[in-house]
>>> print(open('protein.pdb').read())   # PDB, C-alpha atoms
ATOM      1  CA  MET A   1     238.472 -83.639 -19.798  1.00  0.00           C
ATOM      2  CA  ALA A   2     236.855 -86.267 -22.007  1.00  0.00           C
ATOM      3  CA  PRO A   3     235.764 -89.441 -20.236  1.00  0.00           C
ATOM      4  CA  ASN A   4     237.896 -92.496 -20.816  1.00  0.00           C
ATOM      5  CA  PRO A   5     235.664 -95.140 -22.420  1.00  0.00           C
ATOM      6  CA  ASP A   6     237.865 -97.883 -20.987  1.00  0.00           C
ATOM      7  CA  SER A   7     237.319 -96.755 -17.390  1.00  0.00           C
ATOM      8  CA  PRO A   8     234.072 -97.640 -15.654  1.00  0.00           C
ATOM      9  CA  ASP A   9     232.100 -94.629 -14.496  1.00  0.00           C
ATOM     10  CA  PRO A  10     232.914 -94.263 -10.782  1.00  0.00           C
ATOM     11  CA  ALA A  11     229.645 -92.475 -10.025  1.00  0.00           C
ATOM     12  CA  PRO A  12     227.335 -95.499  -9.802  1.00  0.00           C
ATOM     13  CA  ALA A  13     229.792 -97.368  -7.582  1.00  0.00           C
ATOM     14  CA  ALA A  14     230.199 -94.391  -5.271  1.00  0.00           C
ATOM     15  CA  LEU A  15     226.456 -93.871  -5.179  1.00  0.00           C
ATOM     16  CA  GLN A  16     225.910 -97.537  -4.429  1.00  0.00           C
ATOM     17  CA  ALA A  17     228.356 -97.339  -1.532  1.00  0.00           C
ATOM     18  CA  LEU A  18     226.485 -94.368  -0.083  1.00  0.00           C
ATOM     19  CA  ARG A  19     223.172 -96.188  -0.546  1.00  0.00           C
ATOM     20  CA  GLN A  20     224.529 -99.109   1.429  1.00  0.00           C
ATOM     21  CA  ARG A  21     225.709 -96.736   4.133  1.00  0.00           C
ATOM     22  CA  PHE A  22     222.228 -95.213   4.285  1.00  0.00           C
ATOM     23  CA  ARG A  23     220.678 -98.667   4.592  1.00  0.00           C
ATOM     24  CA  ASP A  24     223.147 -99.650   7.293  1.00  0.00           C
ATOM     25  CA  GLY A  25     221.988 -96.631   9.258  1.00  0.00           C
ATOM     26  CA  LEU A  26     218.297 -97.513   9.124  1.00  0.00           C
ATOM     27  CA  PRO A  27     218.251 -99.406  12.461  1.00  0.00           C
ATOM     28  CA  ALA A  28     219.605 -96.307  14.203  1.00  0.00           C
ATOM     29  CA  ARG A  29     216.970 -94.160  12.527  1.00  0.00           C
ATOM     30  CA  LEU A  30     214.264 -96.604  13.553  1.00  0.00           C
ATOM     31  CA  SER A  31     215.453 -96.576  17.174  1.00  0.00           C
ATOM     32  CA  GLN A  32     215.519 -92.810  17.215  1.00  0.00           C
ATOM     33  CA  ILE A  33     211.978 -92.507  15.876  1.00  0.00           C
ATOM     34  CA  GLU A  34     210.628 -95.318  18.026  1.00  0.00           C
ATOM     35  CA  GLN A  35     212.258 -94.482  21.331  1.00  0.00           C
ATOM     36  CA  THR A  36     212.295 -90.731  21.650  1.00  0.00           C
ATOM     37  CA  ALA A  37     209.624 -89.281  23.899  1.00  0.00           C
ATOM     38  CA  ASP A  38     210.151 -85.787  22.506  1.00  0.00           C
ATOM     39  CA  ALA A  39     207.588 -85.016  19.812  1.00  0.00           C
ATOM     40  CA  GLN A  40     209.789 -82.405  18.135  1.00  0.00           C
ATOM     41  CA  LEU A  41     212.793 -84.721  17.962  1.00  0.00           C
ATOM     42  CA  ARG A  42     210.591 -87.459  16.501  1.00  0.00           C
ATOM     43  CA  LEU A  43     209.221 -85.071  13.891  1.00  0.00           C
ATOM     44  CA  LEU A  44     212.749 -83.987  12.975  1.00  0.00           C
ATOM     45  CA  ALA A  45     213.930 -87.605  12.663  1.00  0.00           C
ATOM     46  CA  VAL A  46     210.954 -88.486  10.453  1.00  0.00           C
ATOM     47  CA  HIS A  47     211.552 -85.381   8.347  1.00  0.00           C
ATOM     48  CA  ARG A  48     215.221 -86.284   7.857  1.00  0.00           C
ATOM     49  CA  LEU A  49     214.275 -89.816   6.915  1.00  0.00           C
ATOM     50  CA  ALA A  50     211.758 -88.565   4.351  1.00  0.00           C
ATOM     51  CA  GLY A  51     214.389 -86.458   2.616  1.00  0.00           C
ATOM     52  CA  ALA A  52     217.179 -89.014   2.736  1.00  0.00           C
ATOM     53  CA  ALA A  53     215.100 -92.062   1.753  1.00  0.00           C
ATOM     54  CA  GLY A  54     213.845 -90.409  -1.396  1.00  0.00           C
ATOM     55  CA  SER A  55     217.292 -89.236  -2.408  1.00  0.00           C
ATOM     56  CA  TYR A  56     218.647 -92.758  -1.937  1.00  0.00           C
ATOM     57  CA  GLY A  57     215.942 -94.309  -4.095  1.00  0.00           C
ATOM     58  CA  GLU A  58     213.783 -95.785  -1.325  1.00  0.00           C
ATOM     59  CA  ALA A  59     210.520 -94.418  -2.685  1.00  0.00           C
ATOM     60  CA  ASP A  60     208.126 -96.457  -0.524  1.00  0.00           C
ATOM     61  CA  LEU A  61     209.973 -95.561   2.641  1.00  0.00           C
ATOM     62  CA  ALA A  62     210.107 -91.903   1.641  1.00  0.00           C
ATOM     63  CA  ARG A  63     206.362 -91.906   0.968  1.00  0.00           C
ATOM     64  CA  ALA A  64     205.597 -93.478   4.341  1.00  0.00           C
ATOM     65  CA  ALA A  65     207.891 -91.003   6.090  1.00  0.00           C
ATOM     66  CA  ARG A  66     206.329 -88.018   4.365  1.00  0.00           C
ATOM     67  CA  HIS A  67     202.812 -89.247   5.188  1.00  0.00           C
ATOM     68  CA  CYS A  68     203.858 -89.717   8.799  1.00  0.00           C
ATOM     69  CA  GLU A  69     205.533 -86.308   8.932  1.00  0.00           C
ATOM     70  CA  GLN A  70     202.388 -84.592   7.691  1.00  0.00           C
ATOM     71  CA  GLY A  71     200.344 -86.475  10.272  1.00  0.00           C
ATOM     72  CA  LEU A  72     202.664 -85.486  13.107  1.00  0.00           C
ATOM     73  CA  GLU A  73     202.824 -81.861  11.978  1.00  0.00           C
ATOM     74  CA  THR A  74     199.080 -81.450  11.728  1.00  0.00           C
ATOM     75  CA  GLN A  75     198.392 -83.686  14.735  1.00  0.00           C
ATOM     76  CA  ALA A  76     196.116 -85.720  12.516  1.00  0.00           C
ATOM     77  CA  GLU A  77     193.733 -88.166  14.146  1.00  0.00           C
ATOM     78  CA  ASP A  78     195.549 -91.031  12.498  1.00  0.00           C
ATOM     79  CA  ALA A  79     199.048 -89.778  13.360  1.00  0.00           C
ATOM     80  CA  ALA A  80     199.751 -92.826  15.528  1.00  0.00           C
ATOM     81  CA  ALA A  81     198.675 -95.168  12.743  1.00  0.00           C
ATOM     82  CA  ARG A  82     200.864 -93.287  10.265  1.00  0.00           C
ATOM     83  CA  LEU A  83     203.788 -93.659  12.649  1.00  0.00           C
ATOM     84  CA  GLN A  84     203.207 -97.403  12.914  1.00  0.00           C
ATOM     85  CA  ALA A  85     203.011 -97.646   9.126  1.00  0.00           C
ATOM     86  CA  LEU A  86     206.333 -95.849   8.863  1.00  0.00           C
ATOM     87  CA  LEU A  87     207.964 -98.184  11.389  1.00  0.00           C
ATOM     88  CA  GLN A  88     206.676-101.156   9.390  1.00  0.00           C
ATOM     89  CA  ALA A  89     208.026 -99.655   6.163  1.00  0.00           C
ATOM     90  CA  LEU A  90     211.373 -99.116   7.863  1.00  0.00           C
ATOM     91  CA  ARG A  91     211.510-102.738   9.019  1.00  0.00           C
ATOM     92  CA  ARG A  92     210.550-103.964   5.565  1.00  0.00           C
ATOM     93  CA  CYS A  93     213.312-101.876   4.036  1.00  0.00           C
ATOM     94  CA  MET A  94     215.820-103.226   6.565  1.00  0.00           C
ATOM     95  CA  ASP A  95     214.711-106.800   5.808  1.00  0.00           C
ATOM     96  CA  THR A  96     215.433-106.365   2.108  1.00  0.00           C
ATOM     97  CA  VAL A  97     219.014-105.245   2.728  1.00  0.00           C
TER
ATOM     98  CA  MET B   1     239.836 -66.272  -8.500  1.00  0.00           C
ATOM     99  CA  SER B   2     237.296 -64.737 -10.871  1.00  0.00           C
ATOM    100  CA  ASP B   3     233.680 -64.898  -9.758  1.00  0.00           C
ATOM    101  CA  ASP B   4     232.586 -65.314 -13.389  1.00  0.00           C
ATOM    102  CA  THR B   5     232.666 -69.067 -12.871  1.00  0.00           C
ATOM    103  CA  LEU B   6     230.736 -70.949 -10.252  1.00  0.00           C
ATOM    104  CA  ARG B   7     233.321 -72.709  -8.106  1.00  0.00           C
ATOM    105  CA  ARG B   8     232.553 -72.322  -4.416  1.00  0.00           C
ATOM    106  CA  VAL B   9     229.344 -73.892  -3.157  1.00  0.00           C
ATOM    107  CA  MET B  10     228.311 -74.108   0.464  1.00  0.00           C
ATOM    108  CA  CYS B  11     225.745 -76.616   1.712  1.00  0.00           C
ATOM    109  CA  ILE B  12     224.043 -76.384   5.084  1.00  0.00           C
ATOM    110  CA  GLU B  13     222.276 -79.651   5.832  1.00  0.00           C
ATOM    111  CA  ASP B  14     221.813 -81.463   9.129  1.00  0.00           C
ATOM    112  CA  ASP B  15     221.396 -85.027   7.833  1.00  0.00           C
ATOM    113  CA  GLU B  16     224.750 -86.743   7.405  1.00  0.00           C
ATOM    114  CA  ASP B  17     223.551 -89.109   4.682  1.00  0.00           C
ATOM    115  CA  ILE B  18     222.351 -86.155   2.639  1.00  0.00           C
ATOM    116  CA  ARG B  19     225.616 -84.291   3.229  1.00  0.00           C
ATOM    117  CA  LEU B  20     227.564 -87.265   1.892  1.00  0.00           C
ATOM    118  CA  LEU B  21     225.326 -87.359  -1.164  1.00  0.00           C
ATOM    119  CA  LEU B  22     225.893 -83.638  -1.710  1.00  0.00           C
ATOM    120  CA  GLU B  23     229.647 -84.166  -1.467  1.00  0.00           C
ATOM    121  CA  LEU B  24     229.480 -86.900  -4.077  1.00  0.00           C
ATOM    122  CA  ALA B  25     227.225 -84.876  -6.373  1.00  0.00           C
ATOM    123  CA  LEU B  26     228.876 -81.481  -6.126  1.00  0.00           C
ATOM    124  CA  ARG B  27     232.510 -82.072  -5.165  1.00  0.00           C
ATOM    125  CA  ASP B  28     233.348 -85.491  -6.615  1.00  0.00           C
ATOM    126  CA  LEU B  29     231.158 -85.388  -9.722  1.00  0.00           C
ATOM    127  CA  GLY B  30     230.629 -81.653 -10.182  1.00  0.00           C
ATOM    128  CA  GLY B  31     234.146 -80.520  -9.397  1.00  0.00           C
ATOM    129  CA  TYR B  32     233.042 -77.652  -7.167  1.00  0.00           C
ATOM    130  CA  GLU B  33     234.971 -76.468  -4.161  1.00  0.00           C
ATOM    131  CA  LEU B  34     232.444 -77.519  -1.554  1.00  0.00           C
ATOM    132  CA  LEU B  35     231.946 -76.644   2.087  1.00  0.00           C
ATOM    133  CA  CYS B  36     229.345 -78.769   3.847  1.00  0.00           C
ATOM    134  CA  CYS B  37     228.111 -77.554   7.213  1.00  0.00           C
ATOM    135  CA  ALA B  38     225.941 -79.538   9.618  1.00  0.00           C
ATOM    136  CA  GLY B  39     223.835 -76.618  10.772  1.00  0.00           C
ATOM    137  CA  GLY B  40     223.049 -72.936  10.523  1.00  0.00           C
ATOM    138  CA  GLU B  41     225.452 -71.942  13.274  1.00  0.00           C
ATOM    139  CA  GLU B  42     228.399 -73.578  11.522  1.00  0.00           C
ATOM    140  CA  GLY B  43     227.390 -72.133   8.178  1.00  0.00           C
ATOM    141  CA  LEU B  44     227.182 -68.603   9.552  1.00  0.00           C
ATOM    142  CA  ARG B  45     230.558 -69.002  11.241  1.00  0.00           C
ATOM    143  CA  ARG B  46     232.352 -70.320   8.163  1.00  0.00           C
ATOM    144  CA  ALA B  47     230.677 -68.417   5.324  1.00  0.00           C
ATOM    145  CA  PRO B  48     232.752 -65.206   5.603  1.00  0.00           C
ATOM    146  CA  GLU B  49     236.033 -67.034   5.093  1.00  0.00           C
ATOM    147  CA  PHE B  50     234.768 -69.468   2.452  1.00  0.00           C
ATOM    148  CA  ARG B  51     232.937 -66.762   0.469  1.00  0.00           C
ATOM    149  CA  PRO B  52     230.443 -69.087  -1.239  1.00  0.00           C
ATOM    150  CA  GLN B  53     229.069 -68.111  -4.633  1.00  0.00           C
ATOM    151  CA  LEU B  54     225.989 -70.251  -4.059  1.00  0.00           C
ATOM    152  CA  VAL B  55     224.421 -71.663  -0.909  1.00  0.00           C
ATOM    153  CA  LEU B  56     222.210 -74.733  -0.666  1.00  0.00           C
ATOM    154  CA  LEU B  57     220.299 -74.473   2.590  1.00  0.00           C
ATOM    155  CA  ASP B  58     218.166 -77.088   4.305  1.00  0.00           C
ATOM    156  CA  VAL B  59     214.898 -75.710   5.667  1.00  0.00           C
ATOM    157  CA  MET B  60     214.156 -77.800   8.724  1.00  0.00           C
ATOM    158  CA  MET B  61     217.124 -78.143  11.043  1.00  0.00           C
ATOM    159  CA  PRO B  62     217.629 -78.188  14.797  1.00  0.00           C
ATOM    160  CA  GLY B  63     219.002 -74.990  16.265  1.00  0.00           C
ATOM    161  CA  ILE B  64     218.822 -72.182  13.746  1.00  0.00           C
ATOM    162  CA  SER B  65     216.303 -73.105  11.038  1.00  0.00           C
ATOM    163  CA  GLY B  66     216.912 -72.604   7.345  1.00  0.00           C
ATOM    164  CA  PRO B  67     214.820 -69.414   7.106  1.00  0.00           C
ATOM    165  CA  GLU B  68     216.568 -67.964  10.177  1.00  0.00           C
ATOM    166  CA  THR B  69     219.936 -68.888   8.702  1.00  0.00           C
ATOM    167  CA  LEU B  70     219.014 -67.165   5.447  1.00  0.00           C
ATOM    168  CA  GLN B  71     218.174 -63.938   7.274  1.00  0.00           C
ATOM    169  CA  ALA B  72     221.445 -64.042   9.207  1.00  0.00           C
ATOM    170  CA  LEU B  73     223.473 -64.907   6.090  1.00  0.00           C
ATOM    171  CA  ARG B  74     222.099 -61.834   4.337  1.00  0.00           C
ATOM    172  CA  ARG B  75     223.547 -59.638   7.080  1.00  0.00           C
ATOM    173  CA  LEU B  76     227.079 -61.034   6.706  1.00  0.00           C
ATOM    174  CA  PRO B  77     229.596 -58.976   4.708  1.00  0.00           C
ATOM    175  CA  GLY B  78     229.499 -59.931   1.028  1.00  0.00           C
ATOM    176  CA  MET B  79     226.534 -62.280   1.431  1.00  0.00           C
ATOM    177  CA  ALA B  80     223.621 -59.966   0.678  1.00  0.00           C
ATOM    178  CA  GLN B  81     223.437 -60.928  -3.004  1.00  0.00           C
ATOM    179  CA  VAL B  82     224.721 -64.495  -2.931  1.00  0.00           C
ATOM    180  CA  PRO B  83     222.094 -66.876  -4.368  1.00  0.00           C
ATOM    181  CA  VAL B  84     220.604 -69.090  -1.687  1.00  0.00           C
ATOM    182  CA  VAL B  85     218.598 -72.152  -2.700  1.00  0.00           C
ATOM    183  CA  PHE B  86     216.480 -73.939  -0.149  1.00  0.00           C
ATOM    184  CA  LEU B  87     216.673 -77.712  -0.014  1.00  0.00           C
ATOM    185  CA  THR B  88     213.324 -78.927   1.194  1.00  0.00           C
ATOM    186  CA  ALA B  89     211.467 -82.194   1.531  1.00  0.00           C
ATOM    187  CA  LYS B  90     208.158 -80.343   1.605  1.00  0.00           C
ATOM    188  CA  ALA B  91     206.374 -80.111  -1.702  1.00  0.00           C
ATOM    189  CA  MET B  92     203.133 -78.355  -0.752  1.00  0.00           C
ATOM    190  CA  PRO B  93     202.686 -75.334  -3.054  1.00  0.00           C
ATOM    191  CA  ALA B  94     201.788 -72.975  -0.212  1.00  0.00           C
ATOM    192  CA  GLU B  95     204.910 -73.951   1.705  1.00  0.00           C
ATOM    193  CA  LEU B  96     207.108 -73.543  -1.367  1.00  0.00           C
ATOM    194  CA  GLU B  97     205.654 -70.092  -2.010  1.00  0.00           C
ATOM    195  CA  ARG B  98     206.271 -69.127   1.606  1.00  0.00           C
ATOM    196  CA  LEU B  99     209.916 -70.149   1.329  1.00  0.00           C
ATOM    197  CA  LEU B 100     210.446 -68.193  -1.884  1.00  0.00           C
ATOM    198  CA  ASN B 101     208.896 -65.131  -0.278  1.00  0.00           C
ATOM    199  CA  LEU B 102     211.590 -65.257   2.381  1.00  0.00           C
ATOM    200  CA  GLY B 103     214.123 -64.151  -0.210  1.00  0.00           C
ATOM    201  CA  ALA B 104     215.559 -67.422  -1.468  1.00  0.00           C
ATOM    202  CA  THR B 105     216.706 -67.562  -5.077  1.00  0.00           C
ATOM    203  CA  GLY B 106     215.039 -70.911  -5.601  1.00  0.00           C
ATOM    204  CA  LEU B 107     214.055 -74.270  -4.227  1.00  0.00           C
ATOM    205  CA  ILE B 108     215.272 -77.778  -4.795  1.00  0.00           C
ATOM    206  CA  VAL B 109     212.774 -80.324  -3.558  1.00  0.00           C
ATOM    207  CA  LYS B 110     214.136 -83.534  -2.057  1.00  0.00           C
ATOM    208  CA  PRO B 111     214.581 -86.130  -3.307  1.00  0.00           C
ATOM    209  CA  PHE B 112     217.136 -84.636  -5.638  1.00  0.00           C
ATOM    210  CA  GLU B 113     218.987 -86.450  -8.381  1.00  0.00           C
ATOM    211  CA  ALA B 114     222.610 -86.814  -7.298  1.00  0.00           C
ATOM    212  CA  LEU B 115     223.965 -87.488 -10.760  1.00  0.00           C
ATOM    213  CA  THR B 116     222.586 -84.246 -12.213  1.00  0.00           C
ATOM    214  CA  LEU B 117     222.631 -81.919  -9.204  1.00  0.00           C
ATOM    215  CA  ALA B 118     225.882 -80.231 -10.267  1.00  0.00           C
ATOM    216  CA  GLN B 119     224.167 -79.074 -13.458  1.00  0.00           C
ATOM    217  CA  ASP B 120     220.816 -78.459 -11.795  1.00  0.00           C
ATOM    218  CA  ILE B 121     222.192 -75.773  -9.468  1.00  0.00           C
ATOM    219  CA  ARG B 122     223.812 -73.685 -12.194  1.00  0.00           C
ATOM    220  CA  PRO B 123     220.641 -71.855 -13.330  1.00  0.00           C
ATOM    221  CA  TYR B 124     220.100 -70.597  -9.778  1.00  0.00           C
ATOM    222  CA  TRP B 125     223.591 -69.144  -9.719  1.00  0.00           C
ATOM    223  CA  GLU B 126     223.173 -67.578 -13.150  1.00  0.00           C
ATOM    224  CA  PHE B 127     219.780 -66.165 -12.198  1.00  0.00           C
ATOM    225  CA  GLY B 128     221.172 -64.851  -8.928  1.00  0.00           C
ATOM    226  CA  ARG B 129     223.968 -62.991 -10.706  1.00  0.00           C
ATOM    227  CA  GLY B 130     221.445 -60.999 -12.684  1.00  0.00           C
ATOM    228  CA  PRO B 131     221.948 -59.580 -16.192  1.00  0.00           C
ATOM    229  CA  LYS B 132     225.488 -59.019 -17.364  1.00  0.00           C
ATOM    230  CA  PRO B 133     226.504 -55.364 -17.834  1.00  0.00           C
TER
END
>>> encode(input="protein.pdb", output="structure tokens")
Amino acid sequence: MAPNPDSPDPAPAALQALRQRFRDGLPARLSQIEQTADAQLRLLAVHRLAGAAGSYGEADLARAARHCEQGLETQAEDAAARLQALLQALRRCMDTV
Amino acid sequence: MSDDTLRRVMCIEDDEDIRLLLELALRDLGGYELLCCAGGEEGLRRAPEFRPQLVLLDVMMPGISGPETLQALRRLPGMAQVPVVFLTAKAMPAELERLLNLGATGLIVKPFEALTLAQDIRPYWEFGRGPKP
């Protein structure tokens, strides 16, 4: 079916609504990452965030999450610092909402 | 329904925000009949009835992982040849090669582009079908 030039494309609006939903869920993601004492659960939450943030256009947050994920996976010396950087990036992203 | 056209796509992805994006990209924009499952267990349970023609499979999930799900999917009736594409947030070449060696048809690295995903998955399905007789 040919697109109707008089109708606005619904895709950007639907995508924008999902982006807002993702942003609304950031505090819950932050709590999960910050509060869990289980290293595997934290790694999984960071991994999920890395994938979702990038797909929703939050490039800086995705980069911080991926850097943190790699640090947690490899038990890098600076893993704790990477985690703090991710939490800061998350808060910054929440502040811009 | 003829299997000459890609219609039924199954996604197995544990992150709800990503599942919603997949629904928008593949069902709402792409027009596919889409089944989204939240984990490997659900996907394995529902695949036989849904009979997907293509599976998008997250790699890192709680419970049964993506690679374990792929192995189990292959043992289900009618699923041995169905193209399975891993969705992964890992972009390290060695990791991508490892995933392909597990028998996946291809890889889509997150972040993916929601507005073009419906078209982006078609080559994997066509490749997975092999040459026409």
>>> atom_distance(input="protein.pdb", atom1="CA of Asn101 in chain B", atom2="CA of Leu20 in chain B")
29.0 Å
>>> residues_around(input="protein.pdb", residues="Ala81 in chain A", least_positions_apart="3", cutoff="12 Å", atoms="all atoms listed in the file", output="PyMOL selection string")
chain A and resi 64+67-69+71-72+75-78+84-88
>>> closest_residue(input="protein.pdb", among="B:Thr116, B:Thr105, B:Gln53, B:Gln81", to="chain A", atoms="only C-alpha atoms")
B:Thr116
>>> closest_residue(input="protein.pdb", among="A:Gln70, A:Glu58, A:Phe22, A:Pro12", to="Val46 in chain A", atoms="only C-alpha atoms")
A:Gln70
>>> residues_around(input="protein.pdb", residues="Leu102 in chain B", least_positions_apart="5", cutoff="9 Å", atoms="all atoms listed in the file", output="list in words")
Pro67, Leu70, Gln71 and Glu97 of chain B
>>> interface_residues(input="protein.pdb", of="chain A", to="chain B", cutoff="8 Å", atoms="only C-alpha atoms", output="list in words")
Ala11, Ala14, Leu15, Leu18, Arg21, Phe22, Leu44, His47, Arg48, Ala50, Gly51, Ala52, Ala53, Gly54, Ser55 and Tyr56 of chain A
>>> resolve_selection(input="protein.pdb", expression="the PyMOL selection byres ((chain B and resi 73-76) around 10)", output="VMD selection string")
chain B and resid 40 43 to 45 47 to 48 55 67 to 72 77 to 82 84 103
>>> axis_aligned_box(input="protein.pdb", around="range 67-72 of chain A", padding_each_side="4 Å", output="AutoDock Vina command-line options")
--center_x 202.9 --center_y -87.2 --center_z 9.1 --size_x 13.2 --size_y 13.1 --size_z 15.9
>>> atom_distance(input="protein.pdb", atom1="CA of Gly39 in chain B", atom2="CA of Val59 in chain B")
10.3 Å
>>> residues_around(input="protein.pdb", residues="Gln32 in chain A", least_positions_apart="3", cutoff="10 Å", atoms="all atoms listed in the file", output="ChimeraX atom specification")
/A:26-29,35-37,41-42,45-46
>>> atom_distance(input="protein.pdb", atom1="CA of Cys93 in chain A", atom2="CA of Leu30 in chain A")
10.9 Å
>>> closest_residue(input="protein.pdb", among="B:Leu54, B:Leu22, B:Cys11, B:Leu99", to="Leu35 in chain B", atoms="only C-alpha atoms")
B:Cys11
